[in-house]
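The file my_file_33.txt contains compact mmCIF, C-alpha atoms and all ligand atoms:
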```txt
# COMPACT_ATOMS: atom_id res chain seq x y z
CA MET A 511 -11.66 2.64 -35.44
CA SER A 512 -9.38 1.37 -32.67
CA THR A 513 -6.33 3.23 -31.46
CA PRO A 514 -3.11 1.65 -32.68
CA SER A 515 -1.14 -0.15 -30.01
CA THR A 516 2.58 0.51 -29.92
CA ALA A 517 3.49 -2.88 -28.53
CA SER A 518 4.29 -4.90 -31.60
CA THR A 519 6.58 -2.64 -33.63
CA PRO A 520 9.13 -4.88 -35.32
CA SER A 521 12.66 -3.53 -35.34
CA THR A 522 13.40 -4.12 -39.02
CA ALA A 523 12.30 -1.51 -41.54
CA SER A 524 10.50 -2.81 -44.60
CA THR A 525 12.29 -2.26 -47.87
CA PRO A 526 10.48 -2.64 -51.18
CA PRO A 527 12.24 -4.57 -53.96
CA ALA A 528 14.75 -2.35 -55.80
CA ALA A 529 12.90 -2.60 -59.13
CA SER A 530 9.72 -1.36 -57.49
CA THR A 531 11.54 1.53 -55.83
CA ARG A 532 13.09 2.51 -59.17
CA ARG A 533 9.71 2.38 -60.90
CA ALA A 534 8.12 4.50 -58.16
CA ALA A 535 10.95 7.04 -58.43
CA ALA A 536 10.55 7.26 -62.21
CA LEU A 537 6.79 7.72 -61.91
CA ASP A 538 7.25 10.44 -59.28
CA ALA A 539 9.85 12.19 -61.43
CA ALA A 540 7.46 12.25 -64.38
CA ASP A 541 4.40 13.23 -62.30
CA PRO A 542 3.04 16.60 -63.47
CA LEU A 543 1.20 16.98 -60.14
CA ALA A 544 4.23 16.20 -57.95
CA ARG A 545 4.55 19.81 -56.77
CA PHE A 546 1.21 19.59 -54.95
CA ARG A 547 2.53 17.06 -52.45
CA GLU A 548 4.60 19.78 -50.81
CA GLN A 549 1.46 21.85 -50.36
CA PHE A 550 0.05 19.66 -47.59
CA LEU A 551 0.87 19.80 -43.90
CA PRO A 552 3.23 17.00 -42.93
CA ALA A 553 2.13 14.23 -40.54
CA ARG A 554 4.78 13.20 -38.06
CA GLY A 555 5.62 9.51 -38.11
CA VAL A 556 3.44 8.72 -41.12
CA VAL A 557 5.21 6.56 -43.70
CA ALA A 558 2.23 6.18 -46.02
CA TYR A 559 -1.20 7.78 -45.76
CA LEU A 560 -3.47 5.49 -47.72
CA ASP A 561 -6.79 6.83 -46.47
CA GLY A 562 -7.18 10.10 -48.36
CA ASN A 563 -10.48 8.72 -49.67
CA SER A 564 -11.92 8.85 -46.15
CA LEU A 565 -10.34 12.03 -44.84
CA GLY A 566 -8.14 14.10 -47.14
CA ARG A 567 -4.97 15.66 -45.73
CA PRO A 568 -4.91 19.36 -44.82
CA PRO A 569 -3.60 21.73 -47.49
CA ALA A 570 -0.77 23.77 -45.93
CA GLY A 571 -2.62 27.01 -46.63
CA THR A 572 -5.50 25.91 -44.40
CA ALA A 573 -3.99 26.85 -41.05
CA GLU A 574 -3.08 30.36 -42.18
CA ARG A 575 -6.38 30.85 -43.98
CA LEU A 576 -8.42 29.80 -40.96
CA ASP A 577 -6.34 32.07 -38.75
CA ARG A 578 -6.83 34.99 -41.12
CA PHE A 579 -10.53 34.29 -41.41
CA VAL A 580 -10.99 34.32 -37.64
CA ARG A 581 -8.91 37.48 -37.10
CA GLU A 582 -9.95 39.56 -40.07
CA GLU A 583 -13.32 38.32 -41.24
CA TRP A 584 -15.05 37.05 -38.13
CA ALA A 585 -13.45 39.42 -35.61
CA GLY A 586 -13.15 42.34 -38.00
CA ARG A 587 -16.39 42.28 -39.91
CA LEU A 588 -18.57 40.67 -37.25
CA ILE A 589 -22.18 40.44 -38.31
CA ARG A 590 -21.56 42.67 -41.31
CA GLY A 591 -19.78 39.70 -42.88
CA TRP A 592 -23.09 38.06 -43.73
CA THR A 593 -24.11 40.77 -46.13
CA ASP A 594 -21.11 43.03 -46.94
CA GLU A 595 -18.80 41.93 -49.71
CA GLY A 596 -15.46 40.84 -48.26
CA PRO A 597 -12.40 39.21 -49.85
CA ASP A 598 -14.34 35.95 -50.27
CA GLY A 599 -17.78 37.51 -50.85
CA ALA A 600 -20.68 38.02 -48.43
CA TRP A 601 -21.07 34.90 -46.27
CA MET A 602 -24.75 34.65 -47.11
CA GLY A 603 -23.80 33.85 -50.68
CA TRP A 604 -21.29 31.12 -49.87
CA PRO A 605 -23.65 28.19 -50.45
CA GLU A 606 -24.11 29.11 -54.12
CA GLN A 607 -20.66 30.63 -54.59
CA VAL A 608 -18.72 27.66 -53.24
CA GLY A 609 -21.22 25.30 -54.85
CA ASP A 610 -20.51 26.85 -58.24
CA ARG A 611 -16.77 26.42 -57.70
CA ILE A 612 -17.25 22.72 -56.92
CA ALA A 613 -19.53 22.41 -59.95
CA ALA A 614 -16.98 23.97 -62.31
CA ALA A 615 -13.90 22.24 -60.91
CA ALA A 616 -15.29 18.78 -60.39
CA LEU A 617 -18.90 18.13 -61.40
CA GLY A 618 -19.15 19.11 -65.06
CA ALA A 619 -22.06 21.35 -64.11
CA ALA A 620 -23.01 24.89 -65.09
CA PRO A 621 -23.51 27.52 -62.34
CA GLY A 622 -26.75 27.86 -60.42
CA GLN A 623 -27.33 24.17 -59.69
CA THR A 624 -25.06 23.39 -56.74
CA VAL A 625 -25.00 24.54 -53.13
CA LEU A 626 -22.78 23.87 -50.15
CA ALA A 627 -24.85 22.94 -47.09
CA ASP A 628 -25.53 20.50 -44.28
CA SER A 629 -23.86 17.07 -44.18
CA THR A 630 -24.10 14.53 -46.98
CA THR A 631 -26.60 12.52 -44.94
CA VAL A 632 -28.91 15.49 -44.39
CA LEU A 633 -28.72 16.68 -48.00
CA LEU A 634 -29.32 13.15 -49.18
CA TYR A 635 -32.45 13.04 -47.07
CA LYS A 636 -33.68 16.38 -48.34
CA LEU A 637 -33.15 15.61 -52.02
CA ALA A 638 -34.35 12.00 -51.84
CA ARG A 639 -37.47 13.10 -49.93
CA ALA A 640 -38.17 15.79 -52.51
CA ALA A 641 -37.90 13.24 -55.33
CA VAL A 642 -40.01 10.61 -53.53
CA ASP A 643 -42.68 13.17 -52.65
CA ALA A 644 -42.88 14.21 -56.31
CA GLY A 645 -43.07 10.56 -57.33
CA ILE A 646 -45.83 9.75 -54.86
CA ALA A 647 -47.85 12.71 -56.11
CA ALA A 648 -47.62 11.08 -59.55
CA GLY A 649 -48.56 7.59 -58.34
CA ARG A 650 -45.00 6.29 -58.04
CA ASP A 651 -44.09 4.69 -54.73
CA GLU A 652 -40.89 2.68 -55.25
CA ILE A 653 -37.30 3.62 -54.45
CA VAL A 654 -34.44 1.69 -56.02
CA VAL A 655 -31.17 1.29 -54.12
CA ASP A 656 -28.47 -1.37 -53.94
CA THR A 657 -27.66 -3.62 -51.00
CA ASP A 658 -24.00 -2.61 -50.83
CA ASN A 659 -24.57 1.12 -51.00
CA PHE A 660 -23.00 3.20 -48.23
CA PRO A 661 -24.81 2.63 -44.93
CA THR A 662 -26.10 6.18 -44.49
CA ASP A 663 -27.66 6.04 -47.97
CA ARG A 664 -29.51 2.82 -47.13
CA TYR A 665 -30.65 4.05 -43.73
CA VAL A 666 -31.88 7.39 -45.05
CA LEU A 667 -33.94 5.66 -47.72
CA GLU A 668 -35.34 3.15 -45.24
CA GLY A 669 -36.47 6.10 -43.15
CA ILE A 670 -38.07 7.87 -46.10
CA ALA A 671 -39.82 4.68 -47.21
CA ALA A 672 -41.29 4.28 -43.72
CA GLU A 673 -42.27 7.94 -43.54
CA ARG A 674 -43.97 8.06 -46.92
CA GLY A 675 -45.26 4.49 -47.24
CA ALA A 676 -42.94 3.83 -50.16
CA THR A 677 -41.34 0.49 -51.04
CA LEU A 678 -37.63 -0.14 -51.40
CA ARG A 679 -36.57 -2.19 -54.39
CA TRP A 680 -33.17 -3.60 -53.50
CA ILE A 681 -30.59 -4.42 -56.16
CA ALA A 682 -28.21 -7.12 -54.88
CA THR A 683 -24.83 -5.84 -55.98
CA ASP A 684 -21.55 -7.71 -56.10
CA PRO A 685 -19.43 -6.14 -53.32
CA ALA A 686 -16.34 -6.48 -55.54
CA ALA A 687 -18.07 -4.44 -58.23
CA GLY A 688 -21.19 -2.26 -58.11
CA VAL A 689 -24.51 -1.42 -59.64
CA THR A 690 -24.89 -2.07 -63.38
CA PRO A 691 -27.29 -0.71 -66.02
CA GLU A 692 -28.74 -4.23 -66.49
CA GLN A 693 -29.61 -4.45 -62.81
CA VAL A 694 -31.27 -1.05 -62.86
CA ALA A 695 -33.17 -1.84 -66.07
CA ALA A 696 -34.54 -4.98 -64.42
CA VAL A 697 -36.18 -3.14 -61.50
CA VAL A 698 -37.32 0.27 -62.76
CA GLY A 699 -40.82 0.72 -64.07
CA PRO A 700 -44.02 2.72 -63.83
CA ARG A 701 -43.96 2.60 -60.03
CA THR A 702 -40.40 3.89 -59.65
CA ALA A 703 -40.08 7.31 -58.06
CA LEU A 704 -36.32 7.43 -57.46
CA VAL A 705 -33.12 5.53 -58.20
CA LEU A 706 -30.27 6.24 -55.78
CA ALA A 707 -26.77 4.94 -56.42
CA SER A 708 -23.18 5.77 -55.55
CA HIS A 709 -21.18 6.79 -58.57
CA VAL A 710 -17.99 5.30 -57.12
CA ALA A 711 -18.80 2.45 -54.73
CA TYR A 712 -17.33 3.08 -51.29
CA ARG A 713 -16.22 -0.52 -50.89
CA SER A 714 -14.89 -1.66 -54.26
CA GLY A 715 -14.22 1.65 -55.99
CA TRP A 716 -16.45 0.50 -58.90
CA ILE A 717 -17.45 3.38 -61.19
CA ALA A 718 -21.07 3.03 -62.16
CA ASP A 719 -22.12 3.86 -65.71
CA ALA A 720 -23.89 7.03 -64.64
CA MET A 721 -24.87 8.16 -68.10
CA THR A 722 -26.62 4.90 -69.03
CA ILE A 723 -28.25 4.41 -65.63
CA THR A 724 -29.53 7.99 -65.69
CA ALA A 725 -31.01 7.47 -69.17
CA LEU A 726 -32.63 4.16 -68.13
CA THR A 727 -34.15 5.80 -65.08
CA HIS A 728 -35.55 8.62 -67.19
CA ASP A 729 -36.98 6.14 -69.69
CA ALA A 730 -38.95 4.67 -66.79
CA GLY A 731 -40.18 8.17 -65.86
CA ALA A 732 -38.24 8.32 -62.58
CA LEU A 733 -35.58 10.60 -61.11
CA VAL A 734 -31.99 9.65 -60.31
CA LEU A 735 -29.88 10.80 -57.37
CA TRP A 736 -26.16 10.12 -57.48
CA ASP A 737 -24.02 10.02 -54.35
CA LEU A 738 -20.68 11.45 -55.46
CA SER A 739 -18.85 11.21 -52.15
CA HIS A 740 -16.11 8.95 -53.52
CA SER A 741 -16.08 10.53 -56.96
CA VAL A 742 -15.76 14.26 -56.45
CA GLY A 743 -12.17 15.44 -56.87
CA SER A 744 -11.06 11.99 -58.01
CA VAL A 745 -12.84 11.00 -61.22
CA GLU A 746 -14.29 13.15 -63.98
CA LEU A 747 -18.00 13.88 -63.80
CA GLN A 748 -20.35 15.32 -66.42
CA LEU A 749 -23.57 15.86 -64.50
CA ASP A 750 -25.08 18.26 -67.02
CA ALA A 751 -24.18 16.15 -70.06
CA TRP A 752 -25.44 12.98 -68.39
CA GLY A 753 -28.76 14.65 -67.60
CA VAL A 754 -28.48 13.86 -63.87
CA ASP A 755 -31.43 15.13 -61.82
CA LEU A 756 -29.95 15.24 -58.34
CA ALA A 757 -26.60 14.62 -56.69
CA VAL A 758 -24.93 14.95 -53.31
CA GLY A 759 -21.39 14.45 -52.08
CA CYS A 760 -18.96 15.23 -49.33
CA THR A 761 -16.02 17.59 -49.32
CA TYR A 762 -13.75 16.08 -46.68
CA LYS A 763 -12.55 13.18 -48.84
CA TYR A 764 -10.79 14.09 -52.11
CA LEU A 765 -11.62 17.80 -51.72
CA ASN A 766 -9.59 18.15 -48.50
CA GLY A 767 -12.23 20.22 -46.71
CA GLY A 768 -11.37 18.82 -43.25
CA PRO A 769 -13.27 16.66 -40.76
CA GLY A 770 -16.98 17.34 -40.99
CA SER A 771 -16.73 19.95 -43.74
CA PRO A 772 -20.12 20.71 -45.34
CA ALA A 773 -21.62 18.69 -48.16
CA PHE A 774 -22.81 19.81 -51.57
CA GLY A 775 -26.05 19.18 -53.36
CA TYR A 776 -26.86 19.49 -57.07
CA VAL A 777 -30.32 19.99 -58.54
CA ARG A 778 -30.52 20.27 -62.31
CA SER A 779 -31.87 23.70 -63.26
CA ASP A 780 -35.07 22.44 -64.88
CA ARG A 781 -35.90 20.28 -61.83
CA GLN A 782 -35.58 23.10 -59.32
CA GLU A 783 -39.07 24.42 -59.80
CA GLY A 784 -40.93 21.13 -59.40
CA LEU A 785 -39.18 19.69 -56.34
CA ARG A 786 -39.83 20.69 -52.74
CA GLN A 787 -37.37 19.64 -50.05
CA PRO A 788 -38.85 18.90 -46.63
CA ILE A 789 -36.82 21.13 -44.27
CA GLN A 790 -38.28 24.56 -44.90
CA GLY A 791 -35.96 26.90 -43.10
CA TRP A 792 -35.53 30.63 -43.25
CA MET A 793 -32.29 30.51 -45.26
CA GLY A 794 -33.97 28.74 -48.14
CA ARG A 795 -36.90 31.11 -48.17
CA ARG A 796 -37.41 33.93 -50.59
CA ASP A 797 -36.28 37.13 -48.80
CA PRO A 798 -35.12 35.48 -45.54
CA PHE A 799 -34.71 38.79 -43.73
CA GLU A 800 -38.23 39.81 -44.46
CA MET A 801 -39.04 37.38 -41.62
CA GLY A 802 -42.48 37.17 -43.12
CA ARG A 803 -45.31 34.73 -42.68
CA GLY A 804 -45.34 31.44 -44.47
CA TYR A 805 -42.65 29.76 -46.49
CA THR A 806 -42.03 30.41 -50.14
CA PRO A 807 -38.87 28.72 -51.42
CA ALA A 808 -36.12 30.92 -52.79
CA ALA A 809 -35.76 30.76 -56.53
CA GLY A 810 -33.27 28.30 -57.96
CA VAL A 811 -31.03 25.90 -56.09
CA ARG A 812 -31.01 28.13 -52.99
CA GLY A 813 -34.30 26.47 -52.08
CA ILE A 814 -32.46 23.38 -50.86
CA VAL A 815 -30.69 25.41 -48.17
CA SER A 816 -32.42 25.26 -44.77
CA GLY A 817 -30.43 27.05 -42.08
CA THR A 818 -27.45 29.35 -41.62
CA PRO A 819 -24.61 28.53 -44.04
CA PRO A 820 -21.65 26.68 -42.41
CA VAL A 821 -19.20 29.45 -43.24
CA LEU A 822 -16.34 28.74 -40.83
CA ALA A 823 -16.46 25.02 -41.66
CA ALA A 824 -16.11 25.85 -45.35
CA VAL A 825 -12.88 27.85 -45.08
CA PRO A 826 -10.45 24.89 -45.47
CA LEU A 827 -12.41 23.72 -48.51
CA LEU A 828 -11.48 26.95 -50.28
CA CYS A 829 -7.83 25.84 -50.10
CA GLY A 830 -8.71 22.39 -51.41
CA LEU A 831 -10.62 23.95 -54.30
CA ASP A 832 -7.74 26.31 -55.10
CA MET A 833 -5.53 23.25 -55.54
CA LEU A 834 -8.02 21.27 -57.60
CA GLU A 835 -8.69 24.25 -59.88
CA GLU A 836 -4.98 24.68 -60.44
CA ALA A 837 -4.32 20.97 -61.04
CA GLY A 838 -7.41 20.31 -63.17
CA ILE A 839 -9.63 17.26 -62.70
CA ALA A 840 -8.37 15.59 -65.91
CA ALA A 841 -4.80 15.56 -64.60
CA VAL A 842 -6.04 14.39 -61.20
CA ARG A 843 -7.89 11.47 -62.80
CA ALA A 844 -4.85 10.59 -64.93
CA LYS A 845 -2.65 10.40 -61.84
CA SER A 846 -5.33 8.51 -59.95
CA MET A 847 -5.37 5.85 -62.67
CA ALA A 848 -1.58 5.63 -62.61
CA LEU A 849 -1.60 5.26 -58.81
CA THR A 850 -4.20 2.49 -58.82
CA ALA A 851 -2.37 0.69 -61.69
CA PHE A 852 0.92 0.84 -59.77
CA THR A 853 -0.80 -0.42 -56.63
CA LEU A 854 -2.53 -3.20 -58.53
CA ASP A 855 0.80 -4.47 -59.85
CA ILE A 856 2.19 -4.64 -56.31
CA VAL A 857 -0.94 -6.44 -55.12
CA ASP A 858 -0.63 -8.99 -57.94
CA GLU A 859 3.10 -9.53 -57.63
CA ARG A 860 3.76 -9.35 -53.92
CA LEU A 861 0.53 -9.50 -51.93
CA ALA A 862 -1.49 -12.09 -53.85
CA PRO A 863 1.03 -14.84 -52.95
CA LEU A 864 0.25 -14.05 -49.29
CA GLY A 865 -3.44 -14.83 -49.78
CA VAL A 866 -4.58 -11.30 -50.60
CA GLU A 867 -7.49 -11.03 -52.99
CA LEU A 868 -8.46 -7.98 -55.03
CA VAL A 869 -12.07 -6.89 -54.52
CA SER A 870 -11.99 -3.95 -56.93
CA PRO A 871 -12.44 -3.76 -60.72
CA ARG A 872 -9.40 -4.51 -62.86
CA ASP A 873 -10.75 -2.49 -65.76
CA PRO A 874 -9.22 1.00 -65.39
CA ALA A 875 -12.36 2.59 -66.88
CA ARG A 876 -14.49 1.06 -64.10
CA ARG A 877 -11.97 1.70 -61.32
CA GLY A 878 -12.19 4.78 -59.10
CA GLY A 879 -9.55 6.27 -56.82
CA HIS A 880 -9.13 3.44 -54.34
CA LEU A 881 -8.42 -0.27 -54.40
CA THR A 882 -9.75 -2.76 -51.90
CA ILE A 883 -8.00 -5.95 -50.95
CA ARG A 884 -9.27 -8.77 -48.79
CA ARG A 885 -7.57 -11.32 -46.62
CA SER A 886 -9.03 -13.10 -43.63
CA GLY A 887 -7.82 -11.59 -40.39
CA SER A 888 -7.15 -8.16 -41.91
CA ARG A 889 -8.52 -6.44 -38.86
CA ASP A 890 -5.74 -7.93 -36.76
CA VAL A 891 -2.99 -6.28 -38.78
CA LEU A 892 -4.38 -2.75 -38.57
CA ASP A 893 -2.86 -1.90 -35.20
CA GLU A 894 0.54 -2.98 -36.38
CA LEU A 895 0.24 -1.03 -39.62
CA TRP A 896 -0.78 2.12 -37.76
CA ALA A 897 2.06 1.68 -35.29
CA ARG A 898 4.46 1.47 -38.23
CA GLY A 899 3.09 4.64 -39.78
CA VAL A 900 1.04 3.03 -42.52
CA ILE A 901 -2.55 4.19 -42.52
CA PRO A 902 -4.98 2.42 -44.82
CA ASP A 903 -8.68 2.09 -44.23
CA PHE A 904 -10.51 -0.95 -42.93
CA ARG A 905 -14.01 -2.11 -43.79
CA GLU A 906 -15.80 -5.10 -42.32
CA PRO A 907 -15.39 -7.97 -42.62
CA ASP A 908 -11.84 -8.35 -43.98
CA ASP A 909 -11.31 -5.49 -46.39
CA ILE A 910 -8.38 -3.10 -46.47
CA ARG A 911 -9.05 -0.08 -48.65
CA ILE A 912 -6.05 1.60 -50.18
CA GLY A 913 -7.07 5.18 -50.81
CA LEU A 914 -4.87 7.08 -53.24
CA ALA A 915 -5.42 10.84 -53.20
CA PRO A 916 -3.71 12.11 -56.36
CA LEU A 917 -2.73 15.55 -55.07
CA SER A 918 -1.12 14.32 -51.86
CA THR A 919 0.11 10.79 -52.58
CA SER A 920 3.44 9.84 -54.19
CA PHE A 921 4.25 6.55 -55.86
CA ALA A 922 7.18 6.12 -53.46
CA GLU A 923 4.79 6.51 -50.53
CA VAL A 924 2.57 3.74 -51.91
CA ASP A 925 5.62 1.56 -52.51
CA ARG A 926 6.89 2.02 -48.95
CA GLY A 927 3.47 1.53 -47.40
CA LEU A 928 2.75 -1.67 -49.27
CA ALA A 929 6.21 -3.02 -48.39
CA VAL A 930 5.26 -2.66 -44.74
CA LEU A 931 1.90 -4.34 -45.38
CA HIS A 932 3.71 -7.15 -47.19
CA ASP A 933 6.07 -7.75 -44.29
CA VAL A 934 3.33 -7.61 -41.67
CA LEU A 935 1.27 -10.18 -43.59
CA ASP A 936 4.30 -12.32 -44.37
CA ALA A 937 5.24 -12.51 -40.70
CA ARG A 938 1.79 -13.85 -39.89
CA ARG A 939 1.71 -16.61 -42.42
C1 LIG B 1 -18.44 9.37 -46.91
C2 LIG B 1 -19.80 9.11 -47.47
C3 LIG B 1 -20.93 9.70 -46.91
C4 LIG B 1 -20.77 10.57 -45.70
O1 LIG B 1 -21.93 11.10 -45.18
P1 LIG B 1 -21.82 12.09 -43.94
O2 LIG B 1 -23.14 12.64 -43.78
O3 LIG B 1 -20.75 13.09 -44.27
O4 LIG B 1 -21.36 11.28 -42.77
C5 LIG B 1 -22.16 9.46 -47.51
N1 LIG B 1 -22.26 8.66 -48.58
C6 LIG B 1 -21.18 8.05 -49.14
C7 LIG B 1 -21.33 7.18 -50.34
C8 LIG B 1 -19.92 8.25 -48.58
O5 LIG B 1 -18.87 7.66 -49.10
```

Mind turning this structure into structure tokens?
Amino acid sequence: MSTPSTASTPSTASTPPAASTRRAAALDAADPLARFREQFLPARGVVAYLDGNSLGRPPAGTAERLDRFVREEWAGRLIRGWTDEGPDGAWMGWPEQVGDRIAAAALGAAPGQTVLADSTTVLLYKLARAAVDAGIAAGRDEIVVDTDNFPTDRYVLEGIAAERGATLRWIATDPAAGVTPEQVAAVVGPRTALVLASHVAYRSGWIADAMTITALTHDAGALVLWDLSHSVGSVELQLDAWGVDLAVGCTYKYLNGGPGSPAFGYVRSDRQEGLRQPIQGWMGRRDPFEMGRGYTPAAGVRGIVSGTPPVLAAVPLLCGLDMLEEAGIAAVRAKSMALTAFTLDIVDERLAPLGVELVSPRDPARRGGHLTIRRSGSRDVLDELWARGVIPDFREPDDIRIGLAPLSTSFAEVDRGLAVLHDVLDARR
């Protein structure tokens, strides 16, 4: 993304209509999660941060917790930290321990099925490869994915298809919506090894019907892998109840884990035995410190770990999880729906007359935590928005994503930010 220029800052401040300001104030006053906003570090000069779906803001406790970790845990315990129980447990156990916390707080998953490891891209590769390998062994050589899935998901699968001689079956999705059960039903069959989809589409915010798509995939005898990057910490998930086989997601979006924080992977307990991920490292081996010959995967979900756990990089995530556990995902989702509904009204009333089009679902049940709007020439207004302290997200070709992180975003902030967007667009008419 380009650096904002400071050249074109207009002198007049943007003021939202009084009725909108009153409505925002009333919604903030009634917001049961309002107290969490104070628990994030402030950003100087930022009027509205509308990109919490790309990089969540830092919880205020993060700085102190990192400092304490470095001084007391790293400096104090040194290498003993890997195996001796400390305040946050032995570091060696963090993949499962933090994974279980994510599972309980956000995934609707019982313990023993989730680990923290790698990046989303790498975990996606490992789990997709494991599923495709199992499929190929059973005479299944097709991978289903949609054309508007997140780039890394498409690239990883293209790589796996080339590596294993598998065929990609592309579903052409509507970029203003996302993958549907009908589309999946039309392409799965006896040759399908794996269906990969994003639960919340990164572009439109469309929530896929994960339960139905999972069932359809199973009916065809294939495995499903859900990318939860835009879902986790924003919408409610029921991985166990839905019968999901595999899932991955990132922790630096709605979980506030910080830039490049590790990813998580989920493997349903009864799939753990039959799947073999391709990066056999010592940390996913049974008895890693035996340093023995040959690789035997560790029992359970630990087998998807490859190398040394990213302990330091996981420290901020502990603060994000503390907050989510306290708030509860149901309350987070309720506020998320209220934030997107409020935003949608402003888009309809004030931005649509300026040529702005909504490219997200209107149905609240199908709408995730962000809204995307489109107007030709959107890219040109980004610098000015950034210079005026309004930070949304941009996606080619003309899409502005308005990310609404329920724990850190107020209705007044949205109101002020969209007033600036309105004025910037209005001035360019
Ligand atoms: C953000 C995101 C990723 C990120 O992958 P990284 O390996 O962390 O860069 C992957 N998939 C989806 C759907 C995302 O939204």

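Coordinates place CA of Lys763 in chain A at a distance of 20.9 Å from CA of Ala875 in chain A.
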
May I have the residues within 6 Å of ligand LIG 1 (chain B), computed using all atoms listed in the file, as a ChimeraX atom specification? /A:629-631,660,662,708,712,737,739-740,760

Write out as a PDB file with C-alpha atoms, in the coordinates of the input each polymer residue whose atoms come within 10 Å of Glu692 in chain A, counting only C-alpha atoms; drop sequence neighbours fewer than 5 positions from it.
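This is the output file part.pdb:
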```
ATOM      1  CA  VAL A 697     -36.180  -3.140 -61.500  1.00  0.00           C
ATOM      2  CA  THR A 722     -26.620   4.900 -69.030  1.00  0.00           C
ATOM      3  CA  ILE A 723     -28.250   4.410 -65.630  1.00  0.00           C
ATOM      4  CA  LEU A 726     -32.630   4.160 -68.130  1.00  0.00           C
TER       5      LEU A 726
END
```

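With distances taken over all atoms listed in the file, A:Thr657 is the one residue among A:Ser530, A:Thr850, A:Thr657, A:Thr677 lying closest to Val689 in chain A.
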
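With only C-alpha atoms as the atoms that count, the residue of A:Asp855, A:Ala848, A:Val710, A:Glu836 with the shortest distance to Glu746 in chain A is A:Val710.
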
Pick the closest to Ser870 in chain A from A:Ser918, A:Thr761, A:Ser714, A:Gln790: which is it, counting all atoms listed in the file? A:Ser714

Looking at only C-alpha atoms, which of A:Arg532, A:His728, A:Arg911, A:Lys845 is the one that sits closest to Ala544 in chain A? A:Lys845

Could you state the separation of CA of Ala573 in chain A and CA of Glu595 in chain A in Å, given to one decimal place?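 So the two atoms, CA of Ala573 in chain A and CA of Glu595 in chain A, lie 22.8 Å apart.
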
Near-Gln623 in chain A list (12 Å; only C-alpha atoms; drop same-chain fewer than 3 positions) as a PyMOL selection string: chain A and resi 605-614+617-620+626+749-750+754-758+774-783+809-814

If you keep C-alpha atoms, can you produce a file of those selected residues as a PDB file, in the coordinates of the input?
```
ATOM      1  CA  PRO A 605     -23.650  28.190 -50.450  1.00  0.00           C
ATOM      2  CA  GLU A 606     -24.110  29.110 -54.120  1.00  0.00           C
ATOM      3  CA  GLN A 607     -20.660  30.630 -54.590  1.00  0.00           C
ATOM      4  CA  VAL A 608     -18.720  27.660 -53.240  1.00  0.00           C
ATOM      5  CA  GLY A 609     -21.220  25.300 -54.850  1.00  0.00           C
ATOM      6  CA  ASP A 610     -20.510  26.850 -58.240  1.00  0.00           C
ATOM      7  CA  ARG A 611     -16.770  26.420 -57.700  1.00  0.00           C
ATOM      8  CA  ILE A 612     -17.250  22.720 -56.920  1.00  0.00           C
ATOM      9  CA  ALA A 613     -19.530  22.410 -59.950  1.00  0.00           C
ATOM     10  CA  ALA A 614     -16.980  23.970 -62.310  1.00  0.00           C
ATOM     11  CA  LEU A 617     -18.900  18.130 -61.400  1.00  0.00           C
ATOM     12  CA  GLY A 618     -19.150  19.110 -65.060  1.00  0.00           C
ATOM     13  CA  ALA A 619     -22.060  21.350 -64.110  1.00  0.00           C
ATOM     14  CA  ALA A 620     -23.010  24.890 -65.090  1.00  0.00           C
ATOM     15  CA  LEU A 626     -22.780  23.870 -50.150  1.00  0.00           C
ATOM     16  CA  LEU A 749     -23.570  15.860 -64.500  1.00  0.00           C
ATOM     17  CA  ASP A 750     -25.080  18.260 -67.020  1.00  0.00           C
ATOM     18  CA  VAL A 754     -28.480  13.860 -63.870  1.00  0.00           C
ATOM     19  CA  ASP A 755     -31.430  15.130 -61.820  1.00  0.00           C
ATOM     20  CA  LEU A 756     -29.950  15.240 -58.340  1.00  0.00           C
ATOM     21  CA  ALA A 757     -26.600  14.620 -56.690  1.00  0.00           C
ATOM     22  CA  VAL A 758     -24.930  14.950 -53.310  1.00  0.00           C
ATOM     23  CA  PHE A 774     -22.810  19.810 -51.570  1.00  0.00           C
ATOM     24  CA  GLY A 775     -26.050  19.180 -53.360  1.00  0.00           C
ATOM     25  CA  TYR A 776     -26.860  19.490 -57.070  1.00  0.00           C
ATOM     26  CA  VAL A 777     -30.320  19.990 -58.540  1.00  0.00           C
ATOM     27  CA  ARG A 778     -30.520  20.270 -62.310  1.00  0.00           C
ATOM     28  CA  SER A 779     -31.870  23.700 -63.260  1.00  0.00           C
ATOM     29  CA  ASP A 780     -35.070  22.440 -64.880  1.00  0.00           C
ATOM     30  CA  ARG A 781     -35.900  20.280 -61.830  1.00  0.00           C
ATOM     31  CA  GLN A 782     -35.580  23.100 -59.320  1.00  0.00           C
ATOM     32  CA  GLU A 783     -39.070  24.420 -59.800  1.00  0.00           C
ATOM     33  CA  ALA A 809     -35.760  30.760 -56.530  1.00  0.00           C
ATOM     34  CA  GLY A 810     -33.270  28.300 -57.960  1.00  0.00           C
ATOM     35  CA  VAL A 811     -31.030  25.900 -56.090  1.00  0.00           C
ATOM     36  CA  ARG A 812     -31.010  28.130 -52.990  1.00  0.00           C
ATOM     37  CA  GLY A 813     -34.300  26.470 -52.080  1.00  0.00           C
ATOM     38  CA  ILE A 814     -32.460  23.380 -50.860  1.00  0.00           C
TER      39      ILE A 814
END
```

Non-local contacts of range 821-827 of chain A (12 Å; all atoms listed in the file; under 5 positions in same chain excluded) as a VMD selection string: chain A and resid 550 566 to 580 583 to 584 591 to 592 598 to 609 611 to 612 625 to 629 743 760 to 774 832 to 835
